[in-house]
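Next comes entry_11.pdb, with PDB, C-alpha atoms, pLDDT in the B column.
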MODEL        1
ATOM      1  CA  MET I   1     257.121 133.809-129.622  1.00 54.00           C
ATOM      2  CA  GLU I   2     258.615 136.803-127.818  1.00 62.00           C
ATOM      3  CA  ASP I   3     261.777 134.787-127.158  1.00 74.00           C
ATOM      4  CA  ILE I   4     262.142 134.165-130.883  1.00 83.00           C
ATOM      5  CA  GLN I   5     261.777 137.812-131.848  1.00 86.00           C
ATOM      6  CA  PHE I   6     264.220 138.771-129.092  1.00 91.00           C
ATOM      7  CA  LEU I   7     266.801 136.286-130.376  1.00 95.00           C
ATOM      8  CA  ILE I   8     266.603 137.358-134.013  1.00 94.00           C
ATOM      9  CA  SER I   9     266.732 141.035-133.030  1.00 95.00           C
ATOM     10  CA  LYS I  10     269.731 140.440-130.751  1.00 96.00           C
ATOM     11  CA  TRP I  11     271.610 138.467-133.413  1.00 97.00           C
ATOM     12  CA  LYS I  12     271.089 141.271-135.916  1.00 96.00           C
ATOM     13  CA  GLN I  13     272.330 143.840-133.388  1.00 97.00           C
ATOM     14  CA  ILE I  14     275.476 141.805-132.711  1.00 96.00           C
ATOM     15  CA  LEU I  15     276.252 141.505-136.433  1.00 97.00           C
ATOM     16  CA  GLN I  16     275.551 145.214-137.038  1.00 96.00           C
ATOM     17  CA  LYS I  17     278.000 146.187-134.286  1.00 93.00           C
ATOM     18  CA  LEU I  18     280.640 143.920-135.792  1.00 93.00           C
ATOM     19  CA  GLU I  19     280.140 145.425-139.261  1.00 93.00           C
ATOM     20  CA  LYS I  20     280.459 148.955-137.888  1.00 92.00           C
ATOM     21  CA  ASN I  21     283.788 147.953-136.359  1.00 89.00           C
ATOM     22  CA  ASN I  22     285.171 146.435-139.576  1.00 91.00           C
ATOM     23  CA  GLY I  23     284.488 142.864-138.520  1.00 93.00           C
ATOM     24  CA  LYS I  24     283.941 140.055-140.979  1.00 95.00           C
ATOM     25  CA  VAL I  25     280.246 139.098-141.001  1.00 96.00           C
ATOM     26  CA  ARG I  26     278.290 136.326-142.661  1.00 96.00           C
ATOM     27  CA  GLN I  27     274.703 137.494-142.357  1.00 96.00           C
ATOM     28  CA  ILE I  28     271.887 135.384-140.919  1.00 97.00           C
ATOM     29  CA  GLN I  29     270.638 132.756-143.334  1.00 98.00           C
ATOM     30  CA  ILE I  30     267.293 131.243-142.340  1.00 97.00           C
ATOM     31  CA  GLY I  31     265.674 128.277-144.055  1.00 97.00           C
ATOM     32  CA  LYS I  32     261.961 127.685-144.487  1.00 97.00           C
ATOM     33  CA  LYS I  33     259.934 126.904-141.387  1.00 97.00           C
ATOM     34  CA  ALA I  34     259.487 123.199-140.726  1.00 98.00           C
ATOM     35  CA  THR I  35     255.937 121.926-140.917  1.00 98.00           C
ATOM     36  CA  MET I  36     254.645 119.604-138.186  1.00 97.00           C
ATOM     37  CA  GLN I  37     254.513 116.846-140.805  1.00 98.00           C
ATOM     38  CA  GLU I  38     258.213 117.355-141.598  1.00 98.00           C
ATOM     39  CA  ILE I  39     259.075 117.298-137.901  1.00 98.00           C
ATOM     40  CA  GLU I  40     257.101 114.091-137.356  1.00 98.00           C
ATOM     41  CA  ALA I  41     258.783 112.501-140.391  1.00 97.00           C
ATOM     42  CA  LYS I  42     262.209 113.425-138.995  1.00 97.00           C
ATOM     43  CA  GLU I  43     261.310 111.914-135.619  1.00 97.00           C
ATOM     44  CA  LYS I  44     260.222 108.709-137.332  1.00 96.00           C
ATOM     45  CA  GLU I  45     263.474 108.622-139.313  1.00 95.00           C
ATOM     46  CA  LEU I  46     265.584 109.149-136.177  1.00 95.00           C
ATOM     47  CA  GLY I  47     263.506 106.858-133.993  1.00 93.00           C
ATOM     48  CA  CYS I  48     263.032 109.385-131.194  1.00 94.00           C
ATOM     49  CA  GLN I  49     261.020 112.416-130.144  1.00 96.00           C
ATOM     50  CA  LEU I  50     262.776 115.735-130.718  1.00 98.00           C
ATOM     51  CA  PRO I  51     262.976 118.105-127.721  1.00 98.00           C
ATOM     52  CA  PRO I  52     259.970 120.477-127.554  1.00 97.00           C
ATOM     53  CA  SER I  53     261.992 123.696-127.674  1.00 96.00           C
ATOM     54  CA  TYR I  54     263.934 122.468-130.726  1.00 97.00           C
ATOM     55  CA  LYS I  55     260.685 121.627-132.510  1.00 97.00           C
ATOM     56  CA  TYR I  56     259.302 125.034-131.546  1.00 96.00           C
ATOM     57  CA  ILE I  57     262.338 126.822-132.972  1.00 97.00           C
ATOM     58  CA  VAL I  58     262.480 124.950-136.296  1.00 97.00           C
ATOM     59  CA  HIS I  59     258.700 125.314-136.670  1.00 97.00           C
ATOM     60  CA  ASN I  60     258.654 129.044-135.865  1.00 96.00           C
ATOM     61  CA  ILE I  61     262.060 130.292-137.098  1.00 96.00           C
ATOM     62  CA  GLY I  62     263.343 127.838-139.673  1.00 97.00           C
ATOM     63  CA  LYS I  63     264.612 124.342-140.419  1.00 97.00           C
ATOM     64  CA  SER I  64     268.070 125.833-140.680  1.00 98.00           C
ATOM     65  CA  LEU I  65     269.842 128.943-139.490  1.00 98.00           C
ATOM     66  CA  SER I  66     273.428 130.098-139.627  1.00 97.00           C
ATOM     67  CA  PHE I  67     275.529 133.192-139.156  1.00 97.00           C
ATOM     68  CA  TYR I  68     279.149 133.919-138.367  1.00 96.00           C
ATOM     69  CA  TYR I  69     281.352 136.825-137.404  1.00 96.00           C
ATOM     70  CA  SER I  70     284.983 137.523-136.610  1.00 94.00           C
ATOM     71  CA  PHE I  71     286.563 140.628-135.142  1.00 92.00           C
ATOM     72  CA  SER I  72     288.749 142.865-137.263  1.00 89.00           C
ATOM     73  CA  LYS I  73     292.518 142.476-136.756  1.00 85.00           C
ATOM     74  CA  ASP I  74     292.781 145.808-134.948  1.00 84.00           C
ATOM     75  CA  THR I  75     290.111 144.953-132.360  1.00 84.00           C
ATOM     76  CA  MET I  76     291.499 145.269-128.843  1.00 83.00           C
ATOM     77  CA  ILE I  77     290.525 142.155-126.888  1.00 83.00           C
ATOM     78  CA  PRO I  78     291.315 141.837-123.164  1.00 85.00           C
ATOM     79  CA  CYS I  79     294.277 139.507-122.705  1.00 85.00           C
ATOM     80  CA  GLU I  80     292.320 136.862-120.781  1.00 84.00           C
ATOM     81  CA  PHE I  81     289.812 136.590-123.650  1.00 87.00           C
ATOM     82  CA  ARG I  82     292.223 136.810-126.591  1.00 83.00           C
ATOM     83  CA  GLU I  83     291.109 133.410-127.912  1.00 84.00           C
ATOM     84  CA  ILE I  84     287.584 134.757-128.480  1.00 90.00           C
ATOM     85  CA  PHE I  85     287.859 136.332-131.904  1.00 91.00           C
ATOM     86  CA  SER I  86     284.739 134.971-133.586  1.00 93.00           C
ATOM     87  CA  GLY I  87     281.217 133.761-132.999  1.00 95.00           C
ATOM     88  CA  GLU I  88     278.479 131.797-134.680  1.00 95.00           C
ATOM     89  CA  ILE I  89     275.243 129.883-134.358  1.00 96.00           C
ATOM     90  CA  ASN I  90     274.029 127.208-136.738  1.00 96.00           C
ATOM     91  CA  TRP I  91     271.579 124.350-136.976  1.00 97.00           C
ATOM     92  CA  ASN I  92     269.895 122.348-139.725  1.00 97.00           C
ATOM     93  CA  ILE I  93     267.135 119.807-139.157  1.00 98.00           C
ATOM     94  CA  ASP I  94     268.401 117.800-142.146  1.00 96.00           C
ATOM     95  CA  PHE I  95     271.760 117.261-140.407  1.00 95.00           C
ATOM     96  CA  LEU I  96     270.338 115.793-137.191  1.00 97.00           C
ATOM     97  CA  GLN I  97     272.204 112.566-136.493  1.00 94.00           C
ATOM     98  CA  ASN I  98     271.537 109.788-134.019  1.00 91.00           C
ATOM     99  CA  LEU I  99     275.014 109.247-132.582  1.00 89.00           C
ATOM    100  CA  ASN I 100     274.244 105.728-131.385  1.00 81.00           C
ATOM    101  CA  ILE I 101     275.087 104.699-134.953  1.00 62.00           C
ATOM    102  CA  ALA I 102     278.448 106.467-134.846  1.00 55.00           C
ATOM    103  CA  ASP I 103     279.119 104.889-131.441  1.00 51.00           C
ATOM    104  CA  ASP I 104     278.382 101.412-132.825  1.00 53.00           C
ATOM    105  CA  LEU I 105     280.847 101.987-135.664  1.00 50.00           C
ATOM    106  CA  LEU I 106     283.569 103.191-133.305  1.00 52.00           C
ATOM    107  CA  GLU I 107     283.155 100.226-130.973  1.00 51.00           C
ATOM    108  CA  ASP I 108     284.780  97.987-133.597  1.00 50.00           C
ATOM    109  CA  GLY I 109     288.240  98.181-132.028  1.00 48.00           C
ATOM    110  CA  GLU I 110     288.356 101.919-131.378  1.00 52.00           C
ATOM    111  CA  ASP I 111     288.171 103.545-127.951  1.00 49.00           C
ATOM    112  CA  ASP I 112     286.974 106.986-129.051  1.00 49.00           C
ATOM    113  CA  GLY I 113     283.291 107.762-129.227  1.00 50.00           C
ATOM    114  CA  SER I 114     282.001 105.698-126.308  1.00 67.00           C
ATOM    115  CA  THR I 115     280.384 108.815-124.862  1.00 81.00           C
ATOM    116  CA  LEU I 116     278.281 109.337-128.008  1.00 88.00           C
ATOM    117  CA  ARG I 117     275.660 106.753-127.078  1.00 89.00           C
ATOM    118  CA  GLY I 118     272.314 108.350-126.310  1.00 93.00           C
ATOM    119  CA  LYS I 119     273.221 111.630-128.030  1.00 96.00           C
ATOM    120  CA  LEU I 120     271.529 113.371-130.958  1.00 97.00           C
ATOM    121  CA  GLU I 121     273.793 115.740-132.901  1.00 97.00           C
ATOM    122  CA  PHE I 122     272.235 119.035-134.020  1.00 97.00           C
ATOM    123  CA  SER I 123     275.325 121.096-134.858  1.00 96.00           C
ATOM    124  CA  HIS I 124     279.105 121.041-134.894  1.00 91.00           C
ATOM    125  CA  SER I 125     281.965 123.449-134.415  1.00 92.00           C
ATOM    126  CA  GLY I 126     284.664 124.274-136.934  1.00 85.00           C
ATOM    127  CA  ASN I 127     287.163 121.882-135.342  1.00 88.00           C
ATOM    128  CA  GLY I 128     284.874 118.855-135.691  1.00 88.00           C
ATOM    129  CA  ASP I 129     283.488 118.825-132.154  1.00 94.00           C
ATOM    130  CA  ILE I 130     279.777 118.199-131.738  1.00 96.00           C
ATOM    131  CA  TYR I 131     276.772 119.892-130.166  1.00 97.00           C
ATOM    132  CA  ALA I 132     274.105 117.360-129.254  1.00 97.00           C
ATOM    133  CA  PHE I 133     271.051 116.649-127.162  1.00 98.00           C
ATOM    134  CA  ASP I 134     271.517 114.154-124.347  1.00 97.00           C
ATOM    135  CA  MET I 135     268.595 111.892-125.194  1.00 96.00           C
ATOM    136  CA  SER I 136     269.307 109.607-122.231  1.00 94.00           C
ATOM    137  CA  VAL I 137     267.892 112.196-119.806  1.00 95.00           C
ATOM    138  CA  ASP I 138     264.402 111.204-118.665  1.00 94.00           C
ATOM    139  CA  SER I 139     262.510 114.400-119.483  1.00 95.00           C
ATOM    140  CA  ALA I 140     260.825 115.926-122.523  1.00 95.00           C
ATOM    141  CA  GLU I 141     263.451 118.658-122.836  1.00 97.00           C
ATOM    142  CA  LYS I 142     266.959 117.350-123.395  1.00 98.00           C
ATOM    143  CA  PRO I 143     270.129 119.073-122.182  1.00 98.00           C
ATOM    144  CA  VAL I 144     272.587 120.453-124.728  1.00 98.00           C
ATOM    145  CA  ILE I 145     276.063 118.948-124.457  1.00 97.00           C
ATOM    146  CA  TYR I 146     279.373 119.466-126.262  1.00 97.00           C
ATOM    147  CA  TRP I 147     281.512 116.518-127.313  1.00 95.00           C
ATOM    148  CA  ASP I 148     285.271 117.045-127.657  1.00 93.00           C
ATOM    149  CA  HIS I 149     286.361 114.613-130.377  1.00 88.00           C
ATOM    150  CA  GLU I 150     290.036 114.667-129.369  1.00 88.00           C
ATOM    151  CA  GLU I 151     289.508 113.849-125.703  1.00 88.00           C
ATOM    152  CA  ASP I 152     286.166 112.032-126.041  1.00 88.00           C
ATOM    153  CA  THR I 153     284.722 114.161-123.249  1.00 92.00           C
ATOM    154  CA  ILE I 154     281.269 115.617-122.683  1.00 95.00           C
ATOM    155  CA  THR I 155     280.665 119.161-121.429  1.00 96.00           C
ATOM    156  CA  TYR I 156     277.250 120.242-120.158  1.00 97.00           C
ATOM    157  CA  ILE I 157     276.162 123.455-121.936  1.00 98.00           C
ATOM    158  CA  ALA I 158     272.513 124.222-121.167  1.00 98.00           C
ATOM    159  CA  ASP I 159     269.251 122.720-119.922  1.00 97.00           C
ATOM    160  CA  SER I 160     267.501 122.835-123.318  1.00 97.00           C
ATOM    161  CA  PHE I 161     267.843 124.122-126.867  1.00 97.00           C
ATOM    162  CA  ILE I 162     266.088 127.429-126.126  1.00 95.00           C
ATOM    163  CA  ASP I 163     268.156 127.785-122.939  1.00 96.00           C
ATOM    164  CA  TYR I 164     271.323 127.264-125.014  1.00 97.00           C
ATOM    165  CA  LEU I 165     270.265 129.907-127.552  1.00 97.00           C
ATOM    166  CA  LEU I 166     269.398 132.427-124.833  1.00 95.00           C
ATOM    167  CA  ARG I 167     272.649 131.834-122.916  1.00 96.00           C
ATOM    168  CA  ILE I 168     274.966 131.930-125.930  1.00 97.00           C
ATOM    169  CA  THR I 169     273.202 135.039-127.237  1.00 96.00           C
ATOM    170  CA  GLU I 170     273.636 136.807-123.904  1.00 96.00           C
ATOM    171  CA  LEU I 171     277.348 136.062-124.242  1.00 96.00           C
ATOM    172  CA  GLY I 172     277.437 137.682-127.685  1.00 95.00           C
ATOM    173  CA  CYS I 173     277.319 134.364-129.596  1.00 96.00           C
ATOM    174  CA  ILE I 174     280.968 133.783-128.730  1.00 92.00           C
ATOM    175  CA  GLY I 175     282.954 131.188-130.648  1.00 90.00           C
ATOM    176  CA  SER I 176     281.597 127.697-130.981  1.00 92.00           C
ATOM    177  CA  GLU I 177     284.757 125.813-129.988  1.00 93.00           C
ATOM    178  CA  LYS I 178     285.274 124.850-126.354  1.00 93.00           C
ATOM    179  CA  TRP I 179     288.485 126.806-125.902  1.00 91.00           C
ATOM    180  CA  GLN I 180     286.545 129.947-126.802  1.00 92.00           C
ATOM    181  CA  PHE I 181     283.584 129.522-124.462  1.00 93.00           C
ATOM    182  CA  GLU I 182     285.207 127.639-121.576  1.00 92.00           C
ATOM    183  CA  TYR I 183     285.848 130.935-119.739  1.00 92.00           C
ATOM    184  CA  PHE I 184     282.116 131.021-119.023  1.00 95.00           C
ATOM    185  CA  LEU I 185     281.484 127.414-117.992  1.00 96.00           C
ATOM    186  CA  SER I 186     280.290 126.239-114.604  1.00 94.00           C
ATOM    187  CA  ASP I 187     278.848 122.932-113.392  1.00 92.00           C
ATOM    188  CA  SER I 188     275.468 124.079-114.724  1.00 94.00           C
ATOM    189  CA  GLY I 189     276.779 124.919-118.205  1.00 96.00           C
ATOM    190  CA  LEU I 190     277.277 128.349-119.708  1.00 97.00           C
ATOM    191  CA  ASP I 191     277.063 130.818-116.823  1.00 96.00           C
ATOM    192  CA  THR I 192     275.930 134.248-117.998  1.00 96.00           C
ATOM    193  CA  ALA I 193     276.111 135.660-114.471  1.00 95.00           C
ATOM    194  CA  SER I 194     279.729 134.745-113.710  1.00 92.00           C
ATOM    195  CA  PRO I 195     282.301 137.562-113.232  1.00 92.00           C
ATOM    196  CA  ALA I 196     283.938 136.622-116.561  1.00 90.00           C
ATOM    197  CA  ALA I 197     280.612 136.758-118.396  1.00 91.00           C
ATOM    198  CA  VAL I 198     279.643 140.078-116.839  1.00 89.00           C
TER     199      VAL I 198
ENDMDL
END
Structure re-expressed in structure tokens:
Amino acid sequence: MEDIQFLISKWKQILQKLEKNNGKVRQIQIGKKATMQEIEAKEKELGCQLPPSYKYIVHNIGKSLSFYYSFSKDTMIPCEFREIFSGEINWNIDFLQNLNIADDLLEDGEDDGSTLRGKLEFSHSGNGDIYAFDMSVDSAEKPVIYWDHEEDTITYIADSFIDYLLRITELGCIGSEKWQFEYFLSDSGLDTASPAAV
């Protein structure tokens, strides 16, 4: 529960700082908390168990959450990070999608999408790329991955949903598209201790 309060507090601080510096801010919108019955119904619909930390978050924060920010035009951004001009976090339990279905559709003569099998989408970026859980991993918690729809490639982001939220928050909720967060990637996903991140 402390993690949750920390996250919400940190997100509010980030947005407040942006507002004070003339940034464009879409405030945090949080949906109603999911009941255990709603979570179980969603699992039955999807045909799989949702990761424990995801269930914990939607049960204790909300079924949906979203916010967005972008820097003002006069913000001075270090040259090597000039592509990072916005940030966001969003999820919605109603938009969870078993990507095996999408993979089956794409197999009819198309090459793209073969890496979608075994993935469960929970969010997407503005350019159409996907954030998903890798359901093929044999553990209760499922890693968070990022699927690039143009290159049909998978990038490892974090060990679990709560790990993803903690890491991306520590990085200031930087932009959701790969070319914005790739500065901070390592073999183990988002690296909050790398020289670039620090």
TODO: For each of I:Asp191, I:Gln37, I:Ser70, I:Leu116, take the minimum atom-to-atom distance to I:Ile14, counting only C-alpha atoms, then give the residue where this is smallest.
DONE: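 Smallest distance to I:Ile14 is found for I:Ser70.
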Quiz item: Any idea what's packed within 7 Å of stretch 154-170 of chain I, counting all atoms listed in the file, ignoring anything in its chain fewer than 4 positions away? Could you give it as a ChimeraX atom specification?
Solution: /I:53-54,141-148,174,188-190,192
In Å and to one decimal, atom CA of I:Gln13 is distant from atom CA of I:Val58 by 21.5 Å
- Query: Taking into account all atoms listed in the file, which residue in the set I:Ile61, I:Val198, I:Leu46, I:Ala132 is nearest to I:Phe6?
  - Reply: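 So, comparing all the options, the nearest one is I:Ile61.
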Of the candidates I:Gln5, I:Gln97, I:Ser64, I:Thr115, which shows the shortest atom-to-atom distance to I:Ala34, using all atoms listed in the file?
->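 That would be I:Ser64, the residue with the smallest distance to I:Ala34.
Using the PyMOL selection byres ((chain I and resi 180) around 10) on this structure selects Phe81, Arg82, Glu83, Ile84, Phe85, Ser86, Gly87, Ile174, Gly175, Ser176, Glu177, Lys178, Trp179, Phe181, Glu182, Tyr183 and Phe184 of chain I.
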A straight line from atom CA of I:Thr75 to atom CA of I:Ser9 spans 23.7 Å
Kindly reconstruct stretch 55-66 of chain I with all heavy atoms and present the result as a PDB file, keeping the file's coordinate frame.
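Saved file out.pdb follows:
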ATOM      1  N   LYS I  55     261.796 121.677-131.555  1.00 97.00           N
ATOM      2  CA  LYS I  55     260.685 121.627-132.510  1.00 97.00           C
ATOM      3  C   LYS I  55     260.037 123.009-132.648  1.00 97.00           C
ATOM      4  O   LYS I  55     259.687 123.429-133.748  1.00 97.00           O
ATOM      5  CB  LYS I  55     259.646 120.600-132.067  1.00 97.00           C
ATOM      6  CG  LYS I  55     260.137 119.165-132.161  1.00 97.00           C
ATOM      7  CD  LYS I  55     259.013 118.153-132.080  1.00 97.00           C
ATOM      8  CE  LYS I  55     258.523 117.924-130.692  1.00 97.00           C
ATOM      9  NZ  LYS I  55     257.604 116.766-130.596  1.00 97.00           N
ATOM     10  N   TYR I  56     259.901 123.695-131.538  1.00 96.00           N
ATOM     11  CA  TYR I  56     259.302 125.034-131.546  1.00 96.00           C
ATOM     12  C   TYR I  56     260.131 125.996-132.398  1.00 96.00           C
ATOM     13  O   TYR I  56     259.593 126.755-133.208  1.00 96.00           O
ATOM     14  CB  TYR I  56     259.202 125.551-130.108  1.00 96.00           C
ATOM     15  CG  TYR I  56     258.595 126.923-129.981  1.00 96.00           C
ATOM     16  CD1 TYR I  56     257.215 127.108-130.030  1.00 96.00           C
ATOM     17  CD2 TYR I  56     259.401 128.047-129.812  1.00 96.00           C
ATOM     18  CE1 TYR I  56     256.659 128.373-129.913  1.00 96.00           C
ATOM     19  CE2 TYR I  56     258.855 129.311-129.693  1.00 96.00           C
ATOM     20  CZ  TYR I  56     257.484 129.466-129.740  1.00 96.00           C
ATOM     21  OH  TYR I  56     256.940 130.728-129.632  1.00 96.00           O
ATOM     22  N   ILE I  57     261.446 125.921-132.229  1.00 97.00           N
ATOM     23  CA  ILE I  57     262.338 126.822-132.972  1.00 97.00           C
ATOM     24  C   ILE I  57     262.310 126.524-134.465  1.00 97.00           C
ATOM     25  O   ILE I  57     262.188 127.438-135.289  1.00 97.00           O
ATOM     26  CB  ILE I  57     263.786 126.731-132.428  1.00 97.00           C
ATOM     27  CG1 ILE I  57     263.862 127.292-131.007  1.00 97.00           C
ATOM     28  CG2 ILE I  57     264.769 127.436-133.353  1.00 97.00           C
ATOM     29  CD1 ILE I  57     263.651 128.775-130.883  1.00 97.00           C
ATOM     30  N   VAL I  58     262.440 125.255-134.859  1.00 97.00           N
ATOM     31  CA  VAL I  58     262.480 124.950-136.296  1.00 97.00           C
ATOM     32  C   VAL I  58     261.118 125.180-136.943  1.00 97.00           C
ATOM     33  O   VAL I  58     261.040 125.450-138.146  1.00 97.00           O
ATOM     34  CB  VAL I  58     263.007 123.519-136.582  1.00 97.00           C
ATOM     35  CG1 VAL I  58     264.433 123.354-136.087  1.00 97.00           C
ATOM     36  CG2 VAL I  58     262.096 122.450-135.988  1.00 97.00           C
ATOM     37  N   HIS I  59     260.047 125.081-136.152  1.00 97.00           N
ATOM     38  CA  HIS I  59     258.700 125.314-136.670  1.00 97.00           C
ATOM     39  C   HIS I  59     258.400 126.813-136.792  1.00 97.00           C
ATOM     40  O   HIS I  59     257.658 127.228-137.686  1.00 97.00           O
ATOM     41  CB  HIS I  59     257.675 124.634-135.760  1.00 97.00           C
ATOM     42  CG  HIS I  59     256.251 124.767-136.218  1.00 97.00           C
ATOM     43  ND1 HIS I  59     255.793 124.286-137.429  1.00 97.00           N
ATOM     44  CD2 HIS I  59     255.172 125.327-135.622  1.00 97.00           C
ATOM     45  CE1 HIS I  59     254.511 124.556-137.560  1.00 97.00           C
ATOM     46  NE2 HIS I  59     254.104 125.189-136.479  1.00 97.00           N
ATOM     47  N   ASN I  60     258.976 127.614-135.902  1.00 96.00           N
ATOM     48  CA  ASN I  60     258.654 129.044-135.865  1.00 96.00           C
ATOM     49  C   ASN I  60     259.747 129.976-136.393  1.00 96.00           C
ATOM     50  O   ASN I  60     259.466 131.123-136.721  1.00 96.00           O
ATOM     51  CB  ASN I  60     258.290 129.456-134.433  1.00 96.00           C
ATOM     52  CG  ASN I  60     256.963 128.888-134.003  1.00 96.00           C
ATOM     53  OD1 ASN I  60     255.914 129.354-134.395  1.00 96.00           O
ATOM     54  ND2 ASN I  60     257.005 127.830-133.191  1.00 96.00           N
ATOM     55  N   ILE I  61     260.985 129.492-136.479  1.00 96.00           N
ATOM     56  CA  ILE I  61     262.060 130.292-137.098  1.00 96.00           C
ATOM     57  C   ILE I  61     262.428 129.685-138.444  1.00 96.00           C
ATOM     58  O   ILE I  61     262.243 130.286-139.483  1.00 96.00           O
ATOM     59  CB  ILE I  61     263.312 130.381-136.197  1.00 96.00           C
ATOM     60  CG1 ILE I  61     263.028 131.218-134.956  1.00 96.00           C
ATOM     61  CG2 ILE I  61     264.471 131.022-136.975  1.00 96.00           C
ATOM     62  CD1 ILE I  61     264.244 131.440-134.057  1.00 96.00           C
ATOM     63  N   GLY I  62     262.956 128.472-138.422  1.00 97.00           N
ATOM     64  CA  GLY I  62     263.343 127.838-139.673  1.00 97.00           C
ATOM     65  C   GLY I  62     264.027 126.505-139.459  1.00 97.00           C
ATOM     66  O   GLY I  62     264.610 126.253-138.402  1.00 97.00           O
ATOM     67  N   LYS I  63     263.961 125.648-140.483  1.00 97.00           N
ATOM     68  CA  LYS I  63     264.612 124.342-140.419  1.00 97.00           C
ATOM     69  C   LYS I  63     266.117 124.475-140.286  1.00 97.00           C
ATOM     70  O   LYS I  63     266.783 123.593-139.750  1.00 97.00           O
ATOM     71  CB  LYS I  63     264.288 123.529-141.677  1.00 97.00           C
ATOM     72  CG  LYS I  63     262.859 123.075-141.766  1.00 97.00           C
ATOM     73  CD  LYS I  63     262.646 122.148-142.944  1.00 97.00           C
ATOM     74  CE  LYS I  63     262.365 122.920-144.204  1.00 97.00           C
ATOM     75  NZ  LYS I  63     261.927 122.042-145.308  1.00 97.00           N
ATOM     76  N   SER I  64     266.629 125.587-140.777  1.00 98.00           N
ATOM     77  CA  SER I  64     268.070 125.833-140.680  1.00 98.00           C
ATOM     78  C   SER I  64     268.303 127.299-140.378  1.00 98.00           C
ATOM     79  O   SER I  64     267.471 128.163-140.697  1.00 98.00           O
ATOM     80  CB  SER I  64     268.768 125.445-141.985  1.00 98.00           C
ATOM     81  OG  SER I  64     268.289 126.262-143.050  1.00 98.00           O
ATOM     82  N   LEU I  65     269.425 127.567-139.749  1.00 98.00           N
ATOM     83  CA  LEU I  65     269.842 128.943-139.490  1.00 98.00           C
ATOM     84  C   LEU I  65     271.347 128.940-139.307  1.00 98.00           C
ATOM     85  O   LEU I  65     271.909 128.017-138.707  1.00 98.00           O
ATOM     86  CB  LEU I  65     269.167 129.507-138.232  1.00 98.00           C
ATOM     87  CG  LEU I  65     269.538 130.962-137.885  1.00 98.00           C
ATOM     88  CD1 LEU I  65     268.328 131.722-137.353  1.00 98.00           C
ATOM     89  CD2 LEU I  65     270.684 131.025-136.875  1.00 98.00           C
ATOM     90  N   SER I  66     271.988 129.963-139.844  1.00 97.00           N
ATOM     91  CA  SER I  66     273.428 130.098-139.627  1.00 97.00           C
ATOM     92  C   SER I  66     273.848 131.548-139.773  1.00 97.00           C
ATOM     93  O   SER I  66     273.264 132.305-140.543  1.00 97.00           O
ATOM     94  CB  SER I  66     274.222 129.230-140.615  1.00 97.00           C
ATOM     95  OG  SER I  66     274.073 129.727-141.931  1.00 97.00           O
TER      96      SER I  66
END
